[in-house]
file final_35.cif (mmCIF, C-alpha atoms and all ligand atoms)
data_coords
loop_
_atom_site.label_atom_id
_atom_site.label_comp_id
_atom_site.auth_asym_id
_atom_site.auth_seq_id
_atom_site.Cartn_x
_atom_site.Cartn_y
_atom_site.Cartn_z
CA MET A 1 100.12 133.03 97.37
CA ILE A 2 100.28 129.34 98.13
CA VAL A 3 99.39 126.29 96.06
CA LEU A 4 97.32 123.57 97.70
CA LYS A 5 97.08 120.24 95.96
CA PHE A 6 94.51 117.71 97.08
CA GLY A 7 94.92 114.08 96.08
CA GLY A 8 92.26 111.59 95.04
CA THR A 9 91.52 110.30 98.54
CA SER A 10 91.20 113.87 99.85
CA VAL A 11 88.46 114.59 97.32
CA GLY A 12 87.23 110.97 97.37
CA ASN A 13 83.80 111.66 98.87
CA ALA A 14 81.52 114.44 100.12
CA GLU A 15 83.01 114.38 103.60
CA GLY A 16 86.52 114.69 102.17
CA ILE A 17 85.50 117.63 99.98
CA ARG A 18 84.01 119.37 103.04
CA ARG A 19 87.33 118.93 104.84
CA VAL A 20 89.12 120.31 101.79
CA GLY A 21 86.74 123.27 101.87
CA SER A 22 87.59 124.12 105.44
CA ILE A 23 91.34 123.78 104.83
CA ILE A 24 91.05 126.21 101.92
CA ARG A 25 88.94 128.57 104.01
CA SER A 26 91.55 128.56 106.78
CA CYS A 27 94.25 129.86 104.45
CA LEU A 28 92.34 132.50 102.48
CA ASP A 29 94.79 135.14 103.73
CA SER A 30 97.58 133.39 101.84
CA ASP A 31 95.72 133.67 98.52
CA PRO A 32 95.29 129.95 97.78
CA PHE A 33 95.50 128.42 94.30
CA VAL A 34 94.04 124.92 94.40
CA VAL A 35 94.99 121.91 92.29
CA VAL A 36 92.95 118.72 92.47
CA SER A 37 93.28 115.10 91.43
CA ALA A 38 90.39 113.08 90.13
CA VAL A 39 88.05 111.62 92.75
CA GLY A 40 89.91 108.65 94.30
CA GLY A 41 89.84 105.55 92.11
CA VAL A 42 88.37 107.37 89.08
CA THR A 43 91.56 107.46 87.01
CA ASP A 44 92.02 103.71 87.56
CA ARG A 45 88.44 103.20 86.47
CA LEU A 46 88.97 105.26 83.31
CA PHE A 47 91.94 103.06 82.37
CA GLU A 48 89.76 100.04 83.09
CA LEU A 49 87.01 101.46 80.87
CA ARG A 50 89.50 101.67 78.04
CA ASP A 51 90.32 97.97 78.47
CA LEU A 52 86.67 97.01 78.67
CA SER A 53 85.61 99.01 75.64
CA LEU A 54 88.51 97.74 73.54
CA GLY A 55 88.00 94.16 74.59
CA GLY A 56 84.49 94.31 73.17
CA GLN A 57 83.20 93.77 76.69
CA LEU A 58 80.32 95.52 78.33
CA TRP A 59 81.61 98.82 79.59
CA GLU A 60 78.23 100.45 80.22
CA GLU A 61 77.90 99.10 83.75
CA SER A 62 81.28 100.41 84.80
CA PHE A 63 80.47 103.74 83.15
CA GLU A 64 77.20 103.96 85.09
CA ALA A 65 79.11 103.33 88.31
CA LEU A 66 81.43 106.20 87.42
CA CYS A 67 78.43 108.48 86.85
CA ALA A 68 76.97 107.40 90.20
CA ILE A 69 80.22 108.18 92.06
CA HIS A 70 80.10 111.79 90.89
CA ARG A 71 76.33 112.29 91.18
CA ASP A 72 76.31 110.85 94.72
CA ILE A 73 79.04 113.24 95.84
CA LEU A 74 77.17 116.18 94.32
CA SER A 75 73.90 115.23 95.94
CA GLU A 76 75.52 114.63 99.34
CA LEU A 77 77.07 118.07 99.11
CA GLY A 78 73.65 119.50 98.33
CA LEU A 79 74.83 120.64 94.88
CA ASP A 80 73.25 120.28 91.46
CA GLU A 81 73.44 116.54 90.68
CA GLY A 82 73.66 117.29 86.99
CA LEU A 83 76.75 119.51 87.30
CA VAL A 84 79.07 117.17 85.40
CA ASP A 85 76.45 115.53 83.17
CA GLY A 86 77.78 117.35 80.09
CA LEU A 87 81.21 115.84 80.68
CA LEU A 88 79.74 112.41 81.37
CA ALA A 89 77.85 112.55 78.08
CA GLU A 90 81.05 113.48 76.26
CA LEU A 91 82.83 110.58 77.96
CA ASN A 92 80.03 108.22 76.99
CA THR A 93 80.38 109.20 73.34
CA LEU A 94 84.14 108.75 73.45
CA LEU A 95 83.81 105.27 74.96
CA ALA A 96 81.29 104.25 72.32
CA GLU A 97 83.70 105.46 69.62
CA LEU A 98 86.63 103.57 71.09
CA SER A 99 84.60 100.43 71.39
CA SER A 100 83.48 100.51 67.77
CA ALA A 101 86.94 101.52 66.51
CA GLY A 102 88.52 98.72 68.57
CA GLU A 103 91.61 100.84 69.21
CA CYS A 104 92.75 103.57 71.53
CA THR A 105 95.74 105.66 70.53
CA ALA A 106 97.96 107.33 73.13
CA LYS A 107 96.21 110.59 72.23
CA SER A 108 92.73 109.16 72.78
CA LEU A 109 93.86 107.59 76.04
CA ASP A 110 94.88 110.99 77.40
CA HIS A 111 91.57 112.42 76.26
CA LEU A 112 89.79 109.56 78.06
CA VAL A 113 91.67 109.76 81.37
CA SER A 114 91.42 113.58 81.47
CA PHE A 115 87.76 113.34 82.48
CA GLY A 116 88.63 112.44 86.09
CA GLU A 117 90.19 115.81 86.92
CA ARG A 118 87.84 117.69 84.60
CA MET A 119 84.96 116.46 86.77
CA SER A 120 86.52 116.76 90.23
CA ALA A 121 87.59 120.42 89.80
CA PRO A 122 84.06 121.77 89.08
CA ILE A 123 82.68 119.77 92.03
CA VAL A 124 85.21 121.26 94.45
CA ALA A 125 84.70 124.79 93.05
CA ALA A 126 80.90 124.44 93.30
CA HIS A 127 81.24 123.38 96.92
CA LEU A 128 83.41 126.42 97.69
CA GLN A 129 80.84 128.67 96.00
CA ALA A 130 78.04 127.07 98.01
CA GLU A 131 80.08 127.91 101.10
CA GLY A 132 80.08 131.53 100.06
CA LEU A 133 83.53 131.83 98.49
CA THR A 134 84.27 133.24 95.07
CA SER A 135 85.74 130.31 93.21
CA GLN A 136 86.23 129.07 89.69
CA ALA A 137 87.10 125.65 88.26
CA VAL A 138 89.73 125.85 85.55
CA ASP A 139 91.03 123.16 83.21
CA ALA A 140 94.82 123.28 83.46
CA PHE A 141 95.12 123.78 79.70
CA ASP A 142 93.10 126.98 80.02
CA ALA A 143 95.52 128.10 82.72
CA GLY A 144 98.57 127.92 80.45
CA MET A 145 99.62 124.33 81.17
CA VAL A 146 101.04 123.49 77.76
CA THR A 147 103.33 120.51 77.23
CA ASP A 148 105.10 118.57 74.52
CA SER A 149 103.08 115.84 72.78
CA ARG A 150 104.48 112.86 74.63
CA HIS A 151 101.20 111.37 75.75
CA GLN A 152 101.07 109.79 79.22
CA ARG A 153 104.40 111.40 80.11
CA ALA A 154 104.19 114.91 78.79
CA ARG A 155 106.56 117.61 80.04
CA PRO A 156 105.86 121.35 80.17
CA LEU A 157 107.21 123.59 77.41
CA ASP A 158 110.10 125.89 78.30
CA ASP A 159 107.89 128.97 78.30
CA VAL A 160 105.19 127.39 80.49
CA ASN A 161 105.74 129.93 83.29
CA THR A 162 104.91 132.87 81.04
CA ARG A 163 101.91 131.07 79.60
CA ILE A 164 100.59 130.25 83.07
CA ARG A 165 101.15 133.77 84.40
CA GLN A 166 99.37 135.32 81.43
CA ALA A 167 96.45 132.90 81.46
CA CYS A 168 95.90 133.17 85.21
CA GLU A 169 95.55 136.95 85.19
CA GLN A 170 91.93 136.65 84.05
CA PHE A 171 90.75 134.40 86.93
CA GLU A 172 88.98 135.56 90.03
CA GLY A 173 88.68 134.18 93.51
CA VAL A 174 89.97 130.77 94.46
CA VAL A 175 91.05 128.93 91.32
CA VAL A 176 90.48 125.17 91.42
CA ALA A 177 92.65 123.81 88.62
CA THR A 178 92.82 120.27 87.30
CA GLY A 179 96.02 118.39 88.12
CA TYR A 180 97.56 115.74 85.86
CA ILE A 181 96.27 117.10 82.55
CA ALA A 182 97.53 119.63 80.03
CA ARG A 183 97.45 120.16 76.30
CA ASP A 184 100.07 120.27 73.58
CA GLU A 185 100.56 123.06 71.05
CA GLU A 186 98.11 121.44 68.65
CA GLY A 187 95.46 121.56 71.36
CA ASN A 188 95.38 117.83 72.10
CA ILE A 189 94.97 116.82 75.73
CA THR A 190 98.09 115.34 77.32
CA THR A 191 98.84 113.96 80.80
CA LEU A 192 101.91 114.19 83.01
CA GLY A 193 101.90 110.50 83.98
CA ARG A 194 100.20 108.66 86.85
CA GLY A 195 100.27 110.63 90.07
CA GLY A 196 101.12 113.74 88.04
CA SER A 197 98.89 116.16 89.94
CA ASP A 198 101.70 116.81 92.42
CA TYR A 199 103.85 117.82 89.49
CA SER A 200 101.06 120.07 88.15
CA ALA A 201 100.92 121.78 91.55
CA SER A 202 104.61 122.55 91.59
CA ILE A 203 104.59 123.77 87.97
CA PHE A 204 101.78 126.19 88.88
CA GLY A 205 103.52 127.11 92.14
CA SER A 206 106.78 127.93 90.46
CA ALA A 207 105.13 129.87 87.60
CA LEU A 208 103.00 131.93 89.97
CA GLY A 209 105.78 132.55 92.49
CA ALA A 210 104.12 130.67 95.36
CA GLU A 211 105.55 130.95 98.87
CA GLU A 212 104.81 127.30 99.47
CA ILE A 213 103.44 124.28 97.65
CA GLN A 214 101.28 122.11 99.87
CA ILE A 215 100.61 118.52 98.91
CA TRP A 216 97.58 117.40 100.91
CA THR A 217 97.26 113.65 101.16
CA ASP A 218 96.05 110.96 103.57
CA VAL A 219 99.26 110.32 105.52
CA ASP A 220 101.19 112.47 107.98
CA GLY A 221 103.99 113.26 105.54
CA VAL A 222 106.91 111.45 103.99
CA MET A 223 107.62 108.50 106.26
CA THR A 224 110.78 106.66 107.34
CA ALA A 225 109.33 103.67 105.45
CA ASP A 226 106.06 102.56 103.90
CA PRO A 227 103.78 102.09 106.95
CA ARG A 228 102.10 99.13 105.26
CA ILE A 229 105.44 97.33 105.40
CA VAL A 230 106.74 98.85 108.63
CA PRO A 231 103.98 99.72 111.11
CA ALA A 232 106.55 101.56 113.28
CA ALA A 233 107.41 104.00 110.46
CA SER A 234 107.20 107.65 111.46
CA PRO A 235 106.80 110.93 109.55
CA LEU A 236 109.88 113.01 108.77
CA LYS A 237 110.04 116.67 109.74
CA THR A 238 112.28 117.78 106.92
CA LEU A 239 113.85 116.53 103.72
CA SER A 240 116.06 118.17 101.13
CA PHE A 241 114.80 118.44 97.54
CA GLU A 242 117.43 115.94 96.56
CA GLU A 243 116.42 113.42 99.22
CA ALA A 244 112.75 113.81 98.35
CA ALA A 245 113.44 113.32 94.64
CA GLU A 246 115.48 110.17 95.31
CA LEU A 247 112.81 108.79 97.64
CA ALA A 248 110.02 109.50 95.20
CA PHE A 249 111.93 107.99 92.31
CA TYR A 250 112.86 104.90 94.30
CA GLY A 251 109.40 103.97 95.42
CA ALA A 252 108.00 106.30 98.10
CA ARG A 253 104.47 106.78 96.86
CA VAL A 254 103.56 110.04 98.59
CA ILE A 255 104.89 112.41 95.99
CA HIS A 256 105.52 112.32 92.24
CA PRO A 257 109.28 112.32 91.50
CA ALA A 258 109.15 115.28 89.10
CA THR A 259 107.45 117.53 91.68
CA MET A 260 110.76 118.73 93.04
CA ILE A 261 112.07 120.02 89.68
CA PRO A 262 110.04 123.28 89.43
CA ALA A 263 110.33 123.83 93.20
CA VAL A 264 114.13 123.67 93.11
CA ASP A 265 114.24 126.36 90.43
CA GLY A 266 112.23 128.79 92.50
CA ASN A 267 113.51 127.44 95.83
CA ILE A 268 109.90 126.98 96.95
CA PRO A 269 109.30 124.76 99.99
CA ILE A 270 106.98 121.80 99.46
CA ARG A 271 104.98 120.65 102.45
CA VAL A 272 103.33 117.23 102.60
CA LEU A 273 100.24 117.37 104.82
CA ASN A 274 97.39 115.13 105.95
CA THR A 275 93.78 116.22 105.26
CA HIS A 276 92.62 114.06 108.17
CA HIS A 277 95.09 115.71 110.51
CA PRO A 278 95.33 119.32 109.26
CA ASP A 279 97.11 120.69 112.34
CA PHE A 280 99.99 118.25 112.08
CA PRO A 281 103.04 120.03 110.57
CA GLY A 282 103.78 117.22 108.07
CA THR A 283 107.05 117.01 106.17
CA ILE A 284 108.68 120.09 104.75
CA ILE A 285 110.93 119.66 101.72
CA LEU A 286 113.52 122.42 101.39
CA GLY A 287 116.58 123.43 99.45
CA SER A 288 118.97 122.75 102.29
CA PRO A 289 119.38 119.41 104.03
CA GLY A 290 116.92 118.51 106.70
CA GLU A 291 117.62 118.97 110.35
CA ASP A 292 116.43 115.57 111.54
CA ASP A 293 119.36 114.16 113.42
CA ARG A 294 119.60 110.86 111.64
CA GLY A 295 122.15 109.15 109.47
CA VAL A 296 119.39 108.09 107.19
CA LYS A 297 115.98 109.54 106.34
CA SER A 298 113.97 106.80 104.77
CA ILE A 299 114.00 103.30 103.33
CA THR A 300 111.97 102.58 100.22
CA SER A 301 111.48 99.58 98.04
CA LYS A 302 110.14 98.90 94.64
CA SER A 303 109.18 95.62 93.02
CA HIS A 304 109.02 94.35 89.44
CA VAL A 305 112.43 95.73 88.66
CA SER A 306 114.09 94.27 85.57
CA VAL A 307 117.82 93.72 85.36
CA VAL A 308 119.43 93.68 81.96
CA ASN A 309 122.94 92.31 81.62
CA VAL A 310 124.64 93.37 78.45
CA VAL A 311 127.72 91.28 77.79
CA ALA A 312 130.18 92.09 75.06
CA PRO A 313 133.18 89.79 75.18
CA ARG A 314 135.13 92.21 73.06
CA MET A 315 134.55 95.13 75.39
CA LEU A 316 138.07 94.59 76.69
CA ASP A 317 140.10 97.65 75.75
CA GLN A 318 137.27 98.98 73.66
CA TYR A 319 135.74 102.39 73.74
CA GLY A 320 132.33 103.48 72.58
CA PHE A 321 130.49 100.43 73.92
CA LEU A 322 128.82 102.31 76.75
CA ALA A 323 127.84 105.03 74.30
CA ARG A 324 126.23 102.47 72.00
CA VAL A 325 124.24 100.99 74.84
CA ALA A 326 123.23 104.46 76.03
CA GLU A 327 122.13 105.37 72.50
CA VAL A 328 119.71 102.43 72.49
CA PHE A 329 118.21 103.55 75.79
CA LYS A 330 117.85 107.05 74.49
CA LEU A 331 116.14 106.01 71.26
CA GLN A 332 113.80 103.63 73.03
CA GLU A 333 113.22 106.08 75.89
CA VAL A 334 114.16 103.52 78.53
CA ILE A 335 114.71 105.06 81.96
CA VAL A 336 117.69 103.50 83.68
CA ASP A 337 117.83 103.39 87.49
CA MET A 338 121.07 101.69 88.45
CA ILE A 339 124.14 100.80 86.45
CA ALA A 340 127.06 98.54 87.31
CA THR A 341 129.88 97.66 84.95
CA SER A 342 132.61 95.08 84.80
CA GLU A 343 135.35 94.48 82.28
CA ILE A 344 133.02 92.81 79.80
CA SER A 345 129.52 93.68 80.88
CA ILE A 346 127.09 96.38 81.83
CA ALA A 347 124.19 95.62 84.13
CA PHE A 348 121.37 98.07 84.47
CA THR A 349 117.96 98.11 86.07
CA THR A 350 114.74 99.51 84.74
CA GLN A 351 111.01 99.03 84.92
CA ARG A 352 109.47 96.47 82.56
CA GLY A 353 107.63 97.95 79.60
CA GLU A 354 107.15 97.70 75.86
CA ASN A 355 110.12 99.96 75.22
CA LEU A 356 112.33 97.57 77.13
CA ASP A 357 111.56 94.70 74.77
CA SER A 358 112.47 96.76 71.73
CA ALA A 359 115.60 98.04 73.47
CA ILE A 360 116.68 94.46 74.23
CA ALA A 361 116.15 93.45 70.62
CA GLU A 362 118.43 96.31 69.53
CA LEU A 363 121.06 95.50 72.13
CA GLU A 364 121.10 91.88 70.93
CA GLU A 365 122.33 93.07 67.56
CA PHE A 366 125.77 93.76 69.03
CA SER A 367 125.94 91.96 72.38
CA GLU A 368 124.65 89.09 74.45
CA VAL A 369 121.77 90.09 76.67
CA GLU A 370 120.39 88.39 79.75
CA VAL A 371 117.23 89.72 81.39
CA TYR A 372 115.86 89.00 84.85
CA HIS A 373 112.43 90.32 85.68
CA ASP A 374 110.64 90.82 88.98
CA MET A 375 113.64 91.64 91.12
CA GLU A 376 113.14 93.97 94.07
CA GLN A 377 115.06 97.10 94.87
CA VAL A 378 115.70 98.54 98.29
CA SER A 379 116.99 102.11 98.65
CA VAL A 380 118.26 103.86 101.75
CA VAL A 381 118.25 107.64 101.40
CA GLY A 382 119.71 110.45 103.48
CA GLU A 383 122.16 113.34 103.12
CA GLU A 384 124.15 112.12 106.07
CA ILE A 385 124.92 108.76 104.52
CA ARG A 386 127.81 110.36 102.71
CA GLU A 387 129.60 111.18 105.94
CA ARG A 388 128.79 108.09 107.92
CA ILE A 389 131.74 105.71 108.09
CA GLY A 390 130.76 102.05 108.14
CA PHE A 391 127.26 102.75 106.86
CA ALA A 392 127.40 100.19 104.06
CA GLU A 393 128.53 97.60 106.60
CA GLU A 394 125.50 98.43 108.78
CA VAL A 395 123.18 97.91 105.84
CA PHE A 396 124.76 94.79 104.40
CA SER A 397 125.07 93.09 107.77
CA VAL A 398 121.27 92.96 107.75
CA LEU A 399 121.37 91.01 104.53
CA ARG A 400 124.02 88.73 105.93
CA ASP A 401 121.88 88.05 109.01
CA LEU A 402 118.82 87.40 106.87
CA GLU A 403 120.91 85.24 104.53
CA ILE A 404 119.65 87.16 101.55
CA ASN A 405 121.89 87.55 98.54
CA VAL A 406 122.51 90.96 96.99
CA GLU A 407 122.29 90.99 93.20
CA LEU A 408 123.46 94.50 92.37
CA ILE A 409 124.60 97.50 94.36
CA SER A 410 124.61 101.17 93.50
CA PHE A 411 125.91 104.02 95.59
CA GLY A 412 125.27 107.13 93.54
CA ALA A 413 127.68 109.95 92.90
CA THR A 414 125.83 112.17 95.36
CA ARG A 415 126.14 109.37 97.92
CA ILE A 416 122.81 110.13 99.49
CA ASN A 417 121.29 106.93 98.16
CA LEU A 418 122.47 103.38 98.70
CA SER A 419 120.41 101.01 96.56
CA PHE A 420 120.61 97.29 96.01
CA LEU A 421 118.62 94.51 94.45
CA VAL A 422 117.32 91.37 96.06
CA GLY A 423 115.28 88.50 94.66
CA ALA A 424 111.48 88.52 94.42
CA GLY A 425 109.68 88.47 97.76
CA HIS A 426 112.63 89.62 99.90
CA ALA A 427 112.38 93.41 99.91
CA GLY A 428 109.69 93.61 102.60
CA GLU A 429 111.72 91.63 105.10
CA VAL A 430 114.87 93.60 104.34
CA VAL A 431 113.04 96.92 104.77
CA ARG A 432 111.52 95.79 108.08
CA VAL A 433 114.81 94.67 109.61
CA LEU A 434 116.74 97.65 108.24
CA HIS A 435 114.16 100.01 109.71
CA GLU A 436 114.46 98.27 113.06
CA ARG A 437 118.26 98.64 113.08
CA LEU A 438 118.46 102.17 111.66
CA PHE A 439 115.46 103.80 113.35
CA GLU A 440 114.10 101.74 116.17
CA ARG A 441 117.04 101.51 118.54
N1 LIG B 1 94.41 111.24 88.86
C1 LIG B 1 95.73 110.95 88.40
C2 LIG B 1 96.15 109.55 88.84
O1 LIG B 1 95.39 108.87 89.52
C3 LIG B 1 96.73 111.97 88.81
C4 LIG B 1 96.94 112.12 90.30
O2 LIG B 1 96.08 111.69 91.07
O3 LIG B 1 97.94 112.71 90.70
O4 LIG B 1 97.20 109.12 88.50
MG MG B 2 99.35 111.04 94.23
#
call {"tool": "encode", "arguments": {"input": "final_35.cif", "output": "structure tokens", "more": "lines below"}}
Ligand code: ASP
Ligand code: MG
result
Amino acid sequence: MIVLKFGGTSVGNAEGIRRVGSIIRSCLDSDPFVVVSAVGGVTDRLFELRDLSLGGQLWEESFEALCAIHRDILSELGLDEGLVDGLLAELNTLLAELSSAGECTAKSLDHLVSFGERMSAPIVAAHLQAEGLTSQAVDAFDAGMVTDSRHQRARPLDDVNTRIRQACEQFEGVVVATGYIARDEEGNITTLGRGGSDYSASIFGSALGAEEIQIWTDVDGVMTADPRIVPAASPLKTLSFEEAAELAFYGARVIHPATMIPAVDGNIPIRVLNTHHPDFPGTIILGSPGEDDRGVKSITSKSHVSVVNVVAPRMLDQYGFLARVAEVFKLQEVIVDMIATSEISIAFTTQRGENLDSAIAELEEFSEVEVYHDMEQVSVVGEEIRERIGFAEEVFSVLRDLEINVELISFGATRINLSFLVGAGHAGEVVRVLHERLFER
């Protein structure tokens, strides 16, 4: 069997869903298991509805627009316009409750944002049925997707594979499962984090022993750079799991960073494909390094990076300082990207968030802390970087020529990722010129 995951833009309108239908039809021999995202833009709108309802503002208009998006798709597909009305009514009640309570817990937020996928899956399944296929929409939590209770960033339980295998035995025909959402052991709805449907697809793929996990999106694969920054960027033929994970973590938006974890365990290839261009081979992500003959695979960037400098003058000849700092990160659940140390300081980068503020407050109890927000990070990724002599010189000469200062450098232990920080507004230019030097000549 194979798992096919369709993103929000792929199921964004009736035409998209028809394309999805024909892609599924063309691989019926491979026993497809389908995972879908919410209709494009719907998850954003659900988050917005939370803000509106909590702010005591009028949320009804935005809710009506959400209803119209789904009803219009259904009617254009010639399906029953009232197919998701039950869910819409449930959503309406929830919004009214939130608005009168004036608060939305992490648990309620997951309940709220789960409606996107819970509505898109039945629409896609109904379309497949109308096309004569046997198909069934399934909420991921009814297909064994059980996680811990960490709302908005839940992770599957250790025995998720068994749960999924058992639950999926009862289904018939083409299963269209909801991405992104799950439930915890108490039965509360959880989510895997924004963009988590890719991760859902690979969890299902690994549990069900898929031959391949296909991530269908609206670009030709993983690119040498973000085409919005570098119009000359081109799709990559192959990537290793490790390269793909680094790229995803460091800003490539095509695939959720956790997607590679279940695939590595089962050594299942992940293919990134374009719904608008279904015959194009896309990018295949495999266990062994890619065959593209390049020193470097891709350049990514990410903005709004925060740098925290922790200075302890008495660190000289001390031990245990790093452990203390690490303990704070662990307790506050701060994810650290890069670390650099000197005799008396540790600098690390992370994404800004509430946890960061509490972590800083704790760090200040035993050290001096300086924080710089809105820095930009550029990462160059590729298995071959580790063998290429003079590679760092090639990269940093670009910065010299652009007269841009580097704030922090990290060249990971695996040496497939060279990352550095530049000031706000500079990453785009650096990525463009680097791409020109590394790929365009
Ligand atoms: N619908 C969710 C989001 O927009 C999950 C996904 O699309 O992967 O984040
Ligand atoms: Mg996505």
call {"tool": "atom_distance", "arguments": {"input": "final_35.cif", "atom1": "atom CA of A:Ile285", "atom2": "atom CA of A:Ala244"}}
result
7.0 Å
call {"tool": "residues_near_ligand", "arguments": {"input": "final_35.cif", "ligand": "ligand MG 2 (chain B)", "cutoff": "8 Å", "atoms": "all atoms listed in the file", "output": "PyMOL selection string"}}
result
chain A and resi 7-8+37+194-198+217+253-256
call {"tool": "atom_distance", "arguments": {"input": "final_35.cif", "atom1": "atom CA of A:Phe47", "atom2": "atom CA of A:Lys5"}}
result
22.5 Å
call {"tool": "atom_distance", "arguments": {"input": "final_35.cif", "atom1": "atom CA of A:Phe411", "atom2": "atom CA of A:Val380"}}
result
9.8 Å
call {"tool": "residues_around", "arguments": {"input": "final_35.cif", "residues": "stretch 399-410 of chain A", "least_positions_apart": "5", "cutoff": "12 Å", "atoms": "all atoms listed in the file", "output": "PyMOL selection string"}}
result
chain A and resi 305-309+337-342+346-349+372+375-380+392-394+415-434+437
call {"tool": "residues_near_ligand", "arguments": {"input": "final_35.cif", "ligand": "ligand LIG 1 (chain B)", "cutoff": "10 Å", "atoms": "all atoms listed in the file", "output": "PyMOL selection string"}}
result
chain A and resi 5-9+35-47+113-117+120+178-181+191-201+255-256
call {"tool": "write_last_selection", "arguments": {"input": "final_35.cif", "atoms": "C-alpha atoms", "output": "compact mmCIF listing (two decimals), keeping the file's coordinate frame"}}
result
# COMPACT_ATOMS: atom_id res chain seq x y z
CA LYS A 5 97.08 120.24 95.96
CA PHE A 6 94.51 117.71 97.08
CA GLY A 7 94.92 114.08 96.08
CA GLY A 8 92.26 111.59 95.04
CA THR A 9 91.52 110.30 98.54
CA VAL A 35 94.99 121.91 92.29
CA VAL A 36 92.95 118.72 92.47
CA SER A 37 93.28 115.10 91.43
CA ALA A 38 90.39 113.08 90.13
CA VAL A 39 88.05 111.62 92.75
CA GLY A 40 89.91 108.65 94.30
CA GLY A 41 89.84 105.55 92.11
CA VAL A 42 88.37 107.37 89.08
CA THR A 43 91.56 107.46 87.01
CA ASP A 44 92.02 103.71 87.56
CA ARG A 45 88.44 103.20 86.47
CA LEU A 46 88.97 105.26 83.31
CA PHE A 47 91.94 103.06 82.37
CA VAL A 113 91.67 109.76 81.37
CA SER A 114 91.42 113.58 81.47
CA PHE A 115 87.76 113.34 82.48
CA GLY A 116 88.63 112.44 86.09
CA GLU A 117 90.19 115.81 86.92
CA SER A 120 86.52 116.76 90.23
CA THR A 178 92.82 120.27 87.30
CA GLY A 179 96.02 118.39 88.12
CA TYR A 180 97.56 115.74 85.86
CA ILE A 181 96.27 117.10 82.55
CA THR A 191 98.84 113.96 80.80
CA LEU A 192 101.91 114.19 83.01
CA GLY A 193 101.90 110.50 83.98
CA ARG A 194 100.20 108.66 86.85
CA GLY A 195 100.27 110.63 90.07
CA GLY A 196 101.12 113.74 88.04
CA SER A 197 98.89 116.16 89.94
CA ASP A 198 101.70 116.81 92.42
CA TYR A 199 103.85 117.82 89.49
CA SER A 200 101.06 120.07 88.15
CA ALA A 201 100.92 121.78 91.55
CA ILE A 255 104.89 112.41 95.99
CA HIS A 256 105.52 112.32 92.24
call {"tool": "closest_residue", "arguments": {"input": "final_35.cif", "among": "A:Gly102, A:Ala96, A:Leu79, A:Asn13", "to": "A:Gly55", "atoms": "all atoms listed in the file"}}
result
A:Gly102
call {"tool": "closest_residue", "arguments": {"input": "final_35.cif", "among": "A:Gln214, A:Gln166, A:Ser99, A:Asn188", "to": "A:Ser149", "atoms": "all atoms listed in the file"}}
result
A:Asn188
call {"tool": "residues_around", "arguments": {"input": "final_35.cif", "residues": "A:Thr134", "least_positions_apart": "3", "cutoff": "7 Å", "atoms": "all atoms listed in the file", "output": "ChimeraX atom specification"}}
result
/A:129,173-174
call {"tool": "closest_residue", "arguments": {"input": "final_35.cif", "among": "A:Asp80, A:Glu169, A:Glu354, A:Asp279", "to": "A:Asp220", "atoms": "all atoms listed in the file"}}
result
A:Asp279
call {"tool": "closest_residue", "arguments": {"input": "final_35.cif", "among": "A:Glu212, A:Asp72, A:Glu365, A:Glu383", "to": "A:Cys27", "atoms": "all atoms listed in the file"}}
result
A:Glu212
call {"tool": "closest_residue", "arguments": {"input": "final_35.cif", "among": "A:Val325, A:Val264, A:Leu4, A:Ala359", "to": "A:Arg25", "atoms": "all atoms listed in the file"}}
result
A:Leu4
call {"tool": "closest_atom_pairs", "arguments": {"input": "final_35.cif", "of": "stretch 80-159 of chain A", "to": "stretch 59-64 of chain A", "cutoff": "9 Å", "atoms": "all atoms listed in the file", "output": "JSON lines"}}
result
{"residue": "A:Leu88", "atom": "CA", "partner": "A:Phe63", "partner_atom": "CA", "distance": 8.9}
{"residue": "A:Leu91", "atom": "CA", "partner": "A:Phe63", "partner_atom": "CA", "distance": 8.9}
{"residue": "A:Asn92", "atom": "CA", "partner": "A:Phe63", "partner_atom": "CA", "distance": 7.6}
{"residue": "A:Leu95", "atom": "CA", "partner": "A:Trp59", "partner_atom": "CA", "distance": 8.2}
{"residue": "A:Ser99", "atom": "CA", "partner": "A:Trp59", "partner_atom": "CA", "distance": 8.9}
call {"tool": "write_last_selection", "arguments": {"input": "final_35.cif", "atoms": "C-alpha atoms", "output": "PDB file, in the frame of the given file"}}
result
ATOM      1  CA  LEU A  88      79.740 112.410  81.370  1.00  0.00           C
ATOM      2  CA  LEU A  91      82.830 110.580  77.960  1.00  0.00           C
ATOM      3  CA  ASN A  92      80.030 108.220  76.990  1.00  0.00           C
ATOM      4  CA  LEU A  95      83.810 105.270  74.960  1.00  0.00           C
ATOM      5  CA  SER A  99      84.600 100.430  71.390  1.00  0.00           C
TER       6      SER A  99
END
call {"tool": "residues_near_point", "arguments": {"input": "final_35.cif", "point": "(122.3, 92.7, 73.0)", "cutoff": "10 Å", "atoms": "all atoms listed in the file", "output": "list in words"}}
result
Val308, Asn309, Val310, Val311, Ala312, Val325, Ala359, Ile360, Ala361, Glu362, Leu363, Glu364, Glu365, Phe366, Ser367, Glu368, Val369 and Glu370 of chain A
call {"tool": "residues_near_point", "arguments": {"input": "final_35.cif", "point": "(113.7, 128.4, 92.9)", "cutoff": "12 Å", "atoms": "only C-alpha atoms", "output": "JSON, numbers by chain"}}
result
{"A": [202, 203, 205, 206, 207, 208, 209, 210, 211, 212, 241, 260, 261, 262, 263, 264, 265, 266, 267, 268, 269, 270, 286, 287]}
